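Coordinates from run23.cif are shown below (mmCIF, C-alpha atoms).
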```cif
data_input
#
loop_
_atom_site.label_atom_id
_atom_site.label_comp_id
_atom_site.auth_asym_id
_atom_site.auth_seq_id
_atom_site.Cartn_x
_atom_site.Cartn_y
_atom_site.Cartn_z
CA MET A 1 96.36 107.31 112.34
CA ASN A 2 92.69 107.07 111.41
CA GLU A 3 91.72 103.48 112.16
CA GLN A 4 88.94 103.47 109.58
CA ASP A 5 91.50 104.27 106.86
CA LEU A 6 92.95 100.80 107.42
CA ILE A 7 89.83 99.04 106.11
CA HIS A 8 88.23 99.82 102.76
CA ASP A 9 84.66 98.59 103.13
CA TRP A 10 83.36 97.34 99.77
CA ASN A 11 80.09 96.49 101.51
CA ARG A 12 79.25 100.17 101.46
CA VAL A 13 80.42 100.93 97.93
CA GLY A 14 77.37 101.50 95.77
CA ALA A 15 75.05 100.21 98.48
CA ALA A 16 71.44 101.15 97.80
CA PHE A 17 70.44 100.79 101.45
CA ASP A 18 71.73 102.88 104.35
CA TRP A 19 71.92 100.46 107.25
CA THR A 20 72.76 103.18 109.74
CA ARG A 21 69.22 104.52 109.23
CA ALA A 22 67.54 101.12 109.50
CA ARG A 23 65.01 100.81 112.29
CA VAL A 24 63.96 97.24 112.95
CA ASP A 25 62.80 95.43 116.07
CA LEU A 26 63.84 91.91 117.04
CA ASN A 27 61.43 89.19 118.17
CA ASP A 28 62.99 86.17 119.88
CA GLU A 29 61.35 82.82 119.08
CA THR A 30 63.77 80.65 121.08
CA LEU A 31 61.27 79.78 123.83
CA ARG A 32 58.55 78.64 121.42
CA ASP A 33 59.55 77.95 117.83
CA GLY A 34 63.08 77.10 118.91
CA LEU A 35 61.82 74.35 121.18
CA GLN A 36 60.04 72.66 118.27
CA SER A 37 63.39 71.19 117.21
CA PRO A 38 63.14 67.40 117.38
CA SER A 39 66.54 67.22 119.10
CA VAL A 40 66.28 69.72 121.95
CA LYS A 41 65.39 69.42 125.61
CA ASP A 42 62.84 71.79 127.14
CA PRO A 43 64.80 74.14 129.45
CA SER A 44 63.80 74.65 133.04
CA LEU A 45 61.62 77.62 133.94
CA GLU A 46 64.57 79.14 135.77
CA VAL A 47 66.64 79.12 132.57
CA LYS A 48 63.76 80.58 130.58
CA ARG A 49 63.50 83.46 133.04
CA LYS A 50 67.25 84.04 132.72
CA LEU A 51 66.97 84.09 128.94
CA LEU A 52 64.34 86.83 129.08
CA HIS A 53 66.80 89.01 130.99
CA LEU A 54 69.60 88.24 128.51
CA MET A 55 67.28 89.12 125.62
CA ALA A 56 66.57 92.48 127.23
CA ASP A 57 70.30 93.07 127.77
CA LEU A 58 70.89 92.45 124.05
CA GLY A 59 68.26 94.93 122.90
CA ILE A 60 65.72 92.31 121.83
CA VAL A 61 62.35 93.98 122.35
CA ALA A 62 59.84 91.13 121.89
CA ALA A 63 59.67 87.41 122.61
CA ASP A 64 57.34 84.52 121.93
CA ILE A 65 56.88 82.94 125.36
CA GLY A 66 54.88 79.88 124.30
CA LEU A 67 51.75 78.38 122.83
CA PRO A 68 49.40 78.04 125.81
CA GLY A 69 46.82 76.23 123.71
CA ALA A 70 49.18 73.22 123.88
CA GLY A 71 48.08 72.38 127.42
CA PRO A 72 48.22 73.16 131.16
CA ARG A 73 52.01 72.85 131.50
CA VAL A 74 52.62 75.47 128.83
CA VAL A 75 49.92 77.70 130.35
CA GLU A 76 51.75 77.66 133.69
CA GLN A 77 55.09 78.43 132.08
CA VAL A 78 53.66 81.26 129.99
CA ARG A 79 52.04 82.70 133.10
CA ALA A 80 55.36 82.55 134.97
CA LEU A 81 57.29 84.19 132.13
CA ALA A 82 54.71 86.96 131.75
CA ARG A 83 54.95 87.56 135.50
CA GLU A 84 58.75 87.75 135.23
CA ILE A 85 58.47 90.39 132.50
CA ARG A 86 56.01 92.36 134.64
CA ASP A 87 57.79 92.09 137.98
CA SER A 88 61.28 92.74 136.60
CA LYS A 89 59.99 95.53 134.36
CA LEU A 90 61.77 93.98 131.40
CA PRO A 91 61.52 95.97 128.15
CA ILE A 92 60.19 92.86 126.41
CA PHE A 93 56.80 92.82 124.64
CA PRO A 94 55.55 89.20 124.99
CA ASN A 95 53.60 87.32 122.38
CA CYS A 96 52.06 83.85 122.30
CA ALA A 97 51.42 81.64 119.31
CA ALA A 98 47.89 80.42 118.65
CA ARG A 99 46.09 78.67 115.86
CA THR A 100 43.22 80.67 114.41
CA VAL A 101 40.81 78.99 116.80
CA ILE A 102 39.21 80.58 119.85
CA ALA A 103 40.27 77.67 122.08
CA ASP A 104 43.95 78.62 121.53
CA ILE A 105 43.34 82.31 122.16
CA GLU A 106 41.31 81.97 125.36
CA PRO A 107 44.26 81.01 127.61
CA ILE A 108 46.24 83.99 126.31
CA VAL A 109 43.34 86.24 127.29
CA ARG A 110 43.21 84.73 130.78
CA ILE A 111 46.94 85.08 131.36
CA ALA A 112 47.05 88.68 130.08
CA GLN A 113 44.14 89.66 132.33
CA GLU A 114 45.58 87.89 135.36
CA ILE A 115 49.12 89.26 135.01
CA GLY A 116 47.97 92.66 133.84
CA ILE A 117 50.26 93.20 130.86
CA PRO A 118 49.53 93.15 127.11
CA ILE A 119 50.33 89.86 125.39
CA GLU A 120 50.20 89.81 121.62
CA ALA A 121 48.26 86.91 120.10
CA ALA A 122 50.27 85.52 117.16
CA THR A 123 47.40 83.78 115.38
CA PHE A 124 48.59 81.59 112.52
CA ILE A 125 47.06 79.67 109.62
CA GLY A 126 48.53 77.92 106.58
CA SER A 127 48.21 79.84 103.33
CA SER A 128 49.92 77.94 100.49
CA PRO A 129 48.03 75.85 97.90
CA ILE A 130 49.97 72.75 98.92
CA ARG A 131 48.87 73.18 102.53
CA GLN A 132 45.27 73.91 101.55
CA TYR A 133 45.12 70.78 99.38
CA THR A 134 46.64 68.61 102.09
CA GLU A 135 44.22 69.89 104.76
CA ASP A 136 41.15 70.01 102.47
CA TRP A 137 40.71 73.68 103.34
CA THR A 138 38.65 76.04 101.22
CA ILE A 139 39.47 79.72 101.12
CA GLU A 140 36.04 80.44 102.58
CA ARG A 141 36.79 78.24 105.59
CA MET A 142 40.16 79.95 106.08
CA LEU A 143 38.60 83.40 105.92
CA LYS A 144 35.90 82.44 108.40
CA SER A 145 38.47 81.03 110.82
CA THR A 146 40.57 84.18 110.45
CA GLU A 147 37.62 86.47 111.06
CA GLU A 148 36.39 84.58 114.12
CA ALA A 149 39.82 84.28 115.76
CA VAL A 150 41.10 87.80 115.14
CA SER A 151 37.79 89.41 116.06
CA PHE A 152 37.61 87.42 119.30
CA ALA A 153 41.17 88.38 120.30
CA VAL A 154 40.57 92.05 119.54
CA ARG A 155 37.29 92.09 121.51
CA GLN A 156 39.17 90.63 124.46
CA GLY A 157 41.72 93.44 124.31
CA LEU A 158 44.66 91.49 122.88
CA PRO A 159 47.00 93.02 120.30
CA VAL A 160 47.00 90.70 117.29
CA MET A 161 49.77 89.63 114.94
CA TYR A 162 48.22 87.64 112.12
CA VAL A 163 50.62 85.06 110.67
CA THR A 164 50.23 83.20 107.40
CA GLU A 165 52.26 80.02 107.44
CA ASP A 166 54.15 79.18 104.24
CA THR A 167 53.64 82.71 102.94
CA THR A 168 56.58 82.31 100.56
CA ARG A 169 54.68 79.63 98.61
CA ALA A 170 51.23 81.23 98.78
CA LYS A 171 49.31 82.82 95.89
CA PRO A 172 49.00 86.62 95.81
CA GLU A 173 45.19 86.62 95.78
CA THR A 174 45.05 84.31 98.78
CA LEU A 175 47.36 86.58 100.74
CA LYS A 176 45.30 89.63 99.81
CA ARG A 177 42.13 88.03 101.12
CA LEU A 178 43.63 86.55 104.29
CA TYR A 179 45.65 89.60 105.36
CA GLY A 180 42.88 91.95 104.28
CA THR A 181 40.36 90.13 106.45
CA ALA A 182 42.71 90.09 109.43
CA ILE A 183 43.37 93.82 109.12
CA ASP A 184 39.66 94.56 108.74
CA CYS A 185 39.06 92.60 111.95
CA GLY A 186 41.62 94.63 113.89
CA ALA A 187 45.03 92.95 113.48
CA LYS A 188 47.71 95.60 113.88
CA ARG A 189 50.58 93.44 112.75
CA ILE A 190 50.91 90.87 109.96
CA CYS A 191 53.71 88.34 109.69
CA LEU A 192 55.18 86.83 106.53
CA ALA A 193 56.48 83.34 107.30
CA ASP A 194 59.02 81.37 105.30
CA THR A 195 57.89 78.26 107.17
CA VAL A 196 59.93 75.69 105.21
CA GLY A 197 62.89 77.91 104.31
CA HIS A 198 61.88 78.13 100.66
CA ALA A 199 62.68 81.79 99.93
CA THR A 200 65.71 83.37 98.33
CA PRO A 201 66.58 87.03 99.03
CA ASP A 202 64.95 88.02 95.75
CA GLY A 203 61.80 86.19 96.79
CA VAL A 204 61.80 87.93 100.16
CA ARG A 205 62.05 91.37 98.59
CA ALA A 206 59.32 90.58 96.05
CA LEU A 207 56.97 89.29 98.75
CA VAL A 208 57.54 92.17 101.17
CA ASN A 209 57.09 94.75 98.43
CA PHE A 210 53.89 93.06 97.27
CA VAL A 211 52.41 92.97 100.78
CA LYS A 212 53.32 96.60 101.44
CA LYS A 213 51.94 97.97 98.18
CA GLU A 214 49.06 95.65 97.39
CA ILE A 215 47.72 94.94 100.86
CA VAL A 216 48.79 97.36 103.58
CA GLU A 217 48.73 100.54 101.49
CA LYS A 218 45.59 99.60 99.57
CA LYS A 219 43.67 98.97 102.76
CA SER A 220 43.85 102.76 103.20
CA VAL A 221 44.50 102.41 106.91
CA GLU A 222 46.16 105.11 108.96
CA LYS A 223 49.83 105.46 108.05
CA ASN A 224 52.07 103.09 110.01
CA SER A 225 49.10 101.55 111.84
CA VAL A 226 49.79 98.06 110.48
CA LYS A 227 53.27 96.64 111.02
CA ILE A 228 54.95 93.89 109.00
CA ASP A 229 57.04 91.06 110.49
CA TRP A 230 59.37 88.55 108.84
CA HIS A 231 59.78 85.00 110.19
CA GLY A 232 62.20 82.74 108.34
CA HIS A 233 63.70 79.25 108.55
CA ARG A 234 67.04 78.08 107.21
CA ASP A 235 66.31 74.85 105.33
CA ARG A 236 68.30 76.16 102.36
CA GLY A 237 70.85 77.93 104.56
CA MET A 238 69.44 81.38 103.87
CA GLY A 239 67.71 82.25 107.14
CA LEU A 240 70.11 85.06 108.05
CA ILE A 241 70.50 86.65 104.62
CA ASN A 242 66.73 86.54 104.16
CA CYS A 243 66.28 88.49 107.41
CA LEU A 244 68.61 91.16 106.06
CA ALA A 245 66.74 91.21 102.74
CA ALA A 246 63.44 91.62 104.61
CA ILE A 247 64.84 94.55 106.57
CA GLU A 248 66.09 96.17 103.37
CA ALA A 249 62.61 95.72 101.89
CA GLY A 250 61.07 97.56 104.83
CA VAL A 251 59.68 95.12 107.42
CA ASP A 252 59.27 96.46 110.95
CA ARG A 253 60.33 93.39 112.91
CA VAL A 254 62.23 90.16 112.27
CA HIS A 255 62.07 86.87 114.15
CA ALA A 256 64.98 84.59 115.02
CA THR A 257 66.20 82.08 117.62
CA ALA A 258 69.40 81.66 119.60
CA LEU A 259 71.90 79.61 117.56
CA GLY A 260 69.15 79.02 114.99
CA VAL A 261 67.46 76.24 116.99
CA GLY A 262 64.06 75.27 115.70
CA GLU A 263 61.93 72.94 113.59
CA ARG A 264 63.97 70.68 111.27
CA VAL A 265 67.30 72.53 110.79
CA GLY A 266 66.04 75.65 112.53
CA ASN A 267 65.33 79.34 112.19
CA ALA A 268 67.41 82.39 111.39
CA GLU A 269 70.14 82.78 114.02
CA MET A 270 69.40 85.62 116.43
CA ASP A 271 73.01 85.88 117.59
CA LEU A 272 74.38 86.19 114.05
CA LEU A 273 71.62 88.60 113.12
CA ILE A 274 72.52 90.88 116.03
CA VAL A 275 76.24 90.74 115.19
CA ASN A 276 75.61 91.60 111.55
CA LEU A 277 73.22 94.43 112.41
CA LYS A 278 75.83 95.78 114.81
CA LEU A 279 78.56 95.68 112.16
CA LEU A 280 76.23 97.31 109.62
CA GLY A 281 75.38 100.11 112.03
CA ALA A 282 71.74 99.13 112.55
CA HIS A 283 72.06 97.85 116.13
CA THR A 284 73.53 100.00 118.85
CA GLY A 285 73.24 97.63 121.80
CA ASP A 286 75.99 96.07 123.88
CA LEU A 287 77.10 92.63 122.61
CA SER A 288 78.98 91.56 125.73
CA LYS A 289 76.10 89.31 126.90
CA LEU A 290 75.85 87.50 123.57
CA PRO A 291 78.24 84.65 124.50
CA GLU A 292 76.30 84.00 127.72
CA TYR A 293 73.00 84.04 125.82
CA CYS A 294 74.30 81.44 123.35
CA ARG A 295 76.00 79.25 125.96
CA THR A 296 72.89 79.31 128.14
CA VAL A 297 70.69 78.12 125.28
CA ALA A 298 73.19 75.50 124.08
CA GLU A 299 73.51 73.97 127.53
CA ALA A 300 69.80 74.18 128.35
CA VAL A 301 68.53 72.56 125.16
CA GLY A 302 71.36 70.04 124.87
CA MET A 303 72.79 71.19 121.54
CA PRO A 304 76.52 71.96 121.75
CA ILE A 305 77.76 74.90 119.69
CA PRO A 306 79.75 73.54 116.70
CA LEU A 307 83.47 74.36 116.87
CA ASN A 308 83.28 76.25 113.57
CA TYR A 309 79.98 78.05 114.27
CA PRO A 310 80.40 81.72 113.26
CA VAL A 311 81.29 84.11 116.09
CA MET A 312 80.32 81.78 118.95
CA GLY A 313 82.16 78.61 117.95
CA SER A 314 85.36 77.92 119.92
CA ASP A 315 87.41 78.24 116.72
CA ALA A 316 85.96 81.62 115.75
CA PHE A 317 88.83 83.69 117.20
CA ARG A 318 91.45 80.93 117.40
CA THR A 319 94.30 80.36 114.97
CA GLY A 320 97.33 78.11 114.67
CA THR A 321 98.25 79.28 111.17
CA GLY A 322 101.68 80.87 110.94
CA VAL A 323 100.90 83.75 108.58
CA HIS A 324 97.68 84.67 110.41
CA ALA A 325 99.24 84.47 113.85
CA ALA A 326 102.27 86.49 112.76
CA ALA A 327 100.05 89.36 111.63
CA ILE A 328 98.09 89.35 114.90
CA ILE A 329 101.32 89.26 116.93
CA LYS A 330 102.79 92.17 114.96
CA ALA A 331 99.61 94.15 115.59
CA LYS A 332 99.82 93.37 119.33
CA LYS A 333 103.46 94.49 119.39
CA LYS A 334 102.33 97.85 118.07
CA GLY A 335 100.30 98.13 121.26
CA HIS A 336 97.13 98.51 119.26
CA ALA A 337 94.26 96.31 120.46
CA TRP A 338 91.89 97.61 117.75
CA LEU A 339 94.37 96.55 115.07
CA ALA A 340 95.08 93.11 116.57
CA ASP A 341 91.37 92.41 116.81
CA ARG A 342 90.76 93.13 113.12
CA VAL A 343 93.86 92.31 111.10
CA TYR A 344 92.67 88.73 110.58
CA SER A 345 89.05 89.01 111.70
CA SER A 346 86.01 90.80 110.32
CA ILE A 347 84.39 90.63 113.75
CA PRO A 348 86.08 92.34 116.73
CA ALA A 349 86.22 89.71 119.47
CA GLY A 350 86.62 92.42 122.10
CA GLU A 351 83.06 93.65 121.58
CA LEU A 352 81.84 90.24 122.67
CA GLY A 353 84.10 90.10 125.71
CA LEU A 354 86.31 87.59 123.86
CA GLU A 355 89.87 87.73 122.51
CA GLN A 356 92.02 86.46 119.68
CA VAL A 357 93.76 83.20 120.64
CA ILE A 358 97.02 82.00 119.09
CA GLU A 359 97.92 78.33 119.35
CA ILE A 360 100.56 75.94 118.02
CA SER A 361 99.64 73.59 115.18
CA PRO A 362 101.33 71.73 112.30
CA VAL A 363 100.96 74.88 110.16
CA SER A 364 102.38 77.25 112.79
CA GLY A 365 105.51 79.32 112.54
CA LEU A 366 108.06 80.07 115.26
CA SER A 367 106.22 83.32 115.98
CA ASN A 368 103.24 81.27 117.20
CA VAL A 369 105.50 79.29 119.51
CA LYS A 370 107.28 82.31 120.99
CA PHE A 371 104.02 84.14 121.54
CA TRP A 372 102.53 81.08 123.24
CA LEU A 373 105.58 80.80 125.52
CA GLN A 374 105.27 84.46 126.52
CA GLN A 375 101.51 84.21 127.14
CA HIS A 376 102.00 81.17 129.38
CA GLY A 377 104.79 82.52 131.53
CA TYR A 378 107.81 81.00 129.76
CA ASP A 379 110.84 82.76 128.35
CA PRO A 380 110.03 83.50 124.68
CA ASP A 381 113.75 83.86 123.96
CA ASP A 382 114.51 80.29 125.06
CA GLU A 383 115.41 79.06 121.58
CA ALA A 384 115.73 75.43 122.65
CA ALA A 385 112.25 75.37 124.18
CA ALA A 386 110.78 77.17 121.19
CA GLN A 387 112.43 74.77 118.75
CA ALA A 388 111.23 71.76 120.72
CA LEU A 389 107.62 72.92 120.63
CA PHE A 390 107.93 73.90 116.98
CA GLU A 391 109.25 70.46 115.98
CA ALA A 392 106.64 68.68 118.10
CA ALA A 393 103.91 70.62 116.31
CA LYS A 394 105.31 69.74 112.89
CA ARG A 395 105.24 66.05 113.83
CA SER A 396 101.68 66.29 115.13
CA ASP A 397 98.42 65.76 113.27
CA HIS A 398 96.52 68.29 115.39
CA THR A 399 96.80 71.61 117.19
CA LEU A 400 98.73 71.03 120.40
CA THR A 401 96.74 71.44 123.56
CA ALA A 402 98.06 73.59 126.40
CA GLU A 403 98.50 70.41 128.45
CA GLU A 404 100.63 68.83 125.72
CA CYS A 405 102.82 71.93 125.50
CA HIS A 406 103.26 72.18 129.27
CA HIS A 407 104.10 68.46 129.47
CA LEU A 408 106.76 68.75 126.78
CA LEU A 409 108.32 71.78 128.46
CA ARG A 410 108.32 70.08 131.88
CA GLN A 411 110.13 67.09 130.38
CA GLY A 412 112.91 69.34 129.10
CA ALA A 413 114.31 66.45 127.08
CA TRP A 414 116.17 68.81 124.71
CA ARG A 415 118.30 70.33 127.49
#
```

Target format structure tokens, applied to this file:
Amino acid sequence: MNEQDLIHDWNRVGAAFDWTRARVDLNDETLRDGLQSPSVKDPSLEVKRKLLHLMADLGIVAADIGLPGAGPRVVEQVRALAREIRDSKLPIFPNCAARTVIADIEPIVRIAQEIGIPIEAATFIGSSPIRQYTEDWTIERMLKSTEEAVSFAVRQGLPVMYVTEDTTRAKPETLKRLYGTAIDCGAKRICLADTVGHATPDGVRALVNFVKKEIVEKKSVEKNSVKIDWHGHRDRGMGLINCLAAIEAGVDRVHATALGVGERVGNAEMDLLIVNLKLLGAHTGDLSKLPEYCRTVAEAVGMPIPLNYPVMGSDAFRTGTGVHAAAIIKAKKKGHAWLADRVYSSIPAGELGLEQVIEISPVSGLSNVKFWLQQHGYDPDDEAAAQALFEAAKRSDHTLTAEECHHLLRQGAWR
């Protein structure tokens, strides 16, 4: 039997984009943008070091390790994280956020020189008309700030990623002038930011195509010398799909955070992005560390993973539904783990070091009950025990816990 013959993948029928040929890097913003959430705690330095290692294990190649212009405490943490990358030889290219002011860039220069590794300066400035009006900024002032900041960083030997905040609501001519100035001053990477989660996938594609054709290509720079990043938020719930749209449109790197933590309702979810890229054939890394990465962040920042959160929620691979459970059990009886992991799931739990879990609920069938008995060391052919659990579940208003099932079986009231 050819396993792939068991699934007809409509996602690939008529697809205009070959995901197996996609080449995109991942930049993790958890330790900077993620910590701007108004509800999170700042993790300990020990946890932040651990997260760098987990990022490397997951094939994430870059990470924002802080905004040292925020003050001495952040400077010390950024220094420690850069040292961890250096000493552990992690395949992580660090970057630090900075406003387009020299005072924000200077501490990045000092840390990079002290630690002896390149640190990319992610210099950012607002670009939309609404932001300009609010701040009383003129385009001339913005261009001057851009020129001074990028030129300073380049002279000091820092790689520069020039970021326009609120790019998805900015005017084309403004973007041409801002990005053009940054590139002329030596920026080797430009970042398109959907700062308030305004964009739709169509908007993402239109923006990326515009920047590629009207800015990067028309600057007549050496081919591939200027890279394009995408940084998106999920205010409208489209953070993840917009990342995929940006990749389809040809960006070189996308930004995301663990579990989508971040300002307001957060950023695109790094964990879900990795899973989807893996399923599409665009990510070849091992996913087994993904649960630890997510649990570590959830515990460290004080934001529990919702039960129904995709892939990492506790209900993701858990069912008490009779029809669903019956299909999984039949697949298991065939001795076919691949089949059991996919018959009622689009995501193979086994690749994450997880497994399908069958429980007993008000909508369960007897097959759920017998399977549960077998998995917990009871005789699955004990019809009286099975019937007792089955009837208890039908009377219940919730999925029975293991403790409730064990208690009922210990009572043996039906015997």

| query | Skipping near chain neighbours, those fewer than 3 positions away, what residues fall within 12 Å of Lys188 of chain A using all atoms listed in the file, listed as a PyMOL selection string? | reply | chain A and resi 120-123+150-151+153-154+158-163+179-185+191+216+221-229+252

| How would you write, as JSON, numbers by chain, the residues chosen by the PyMOL selection byres ((chain A and resi 68) around 7) on this structure? | {"A": [66, 67, 69, 70, 71, 74, 75, 78, 104, 107, 108]}

| message | To test your reading of the syntax: which residues would the PyMOL selection byres ((chain A and resi 320) around 9) return for the file shown? Reply as a PyMOL selection string. | response | chain A and resi 318-319+321-322+324-325+357-365+368+399

| task | Go through A:Ala56, A:Ala249, A:Leu259, A:Val265 one by one, measure the shortest atom-to-atom distance of each to Arg234 of chain A using all atoms listed in the file, and give the residue with the smallest value. | result |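 For Arg234 of chain A, the nearest of the given residues is A:Val265.
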
| task | Run the PyMOL selection byres ((chain A and resi 380-387) around 7) against the file shown and list the residues it catches, as number ranges by chain. | result | A: 369-371, 373-374, 378-379, 388-391, 409, 414

Convert the current residue selection to file output with C-alpha atoms, as a compact mmCIF listing (two decimals), keeping the file's coordinate frame.
```txt
# COMPACT_ATOMS: atom_id res chain seq x y z
CA VAL A 369 105.50 79.29 119.51
CA LYS A 370 107.28 82.31 120.99
CA PHE A 371 104.02 84.14 121.54
CA LEU A 373 105.58 80.80 125.52
CA GLN A 374 105.27 84.46 126.52
CA TYR A 378 107.81 81.00 129.76
CA ASP A 379 110.84 82.76 128.35
CA ALA A 388 111.23 71.76 120.72
CA LEU A 389 107.62 72.92 120.63
CA PHE A 390 107.93 73.90 116.98
CA GLU A 391 109.25 70.46 115.98
CA LEU A 409 108.32 71.78 128.46
CA TRP A 414 116.17 68.81 124.71
```

| said: Ranking A:Asp194, A:Asp315, A:Asp64, A:Asp235 by minimum distance to Glu29 of chain A and counting only C-alpha atoms, which one comes first? | reply: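 Smallest distance to Glu29 of chain A is found for A:Asp64.
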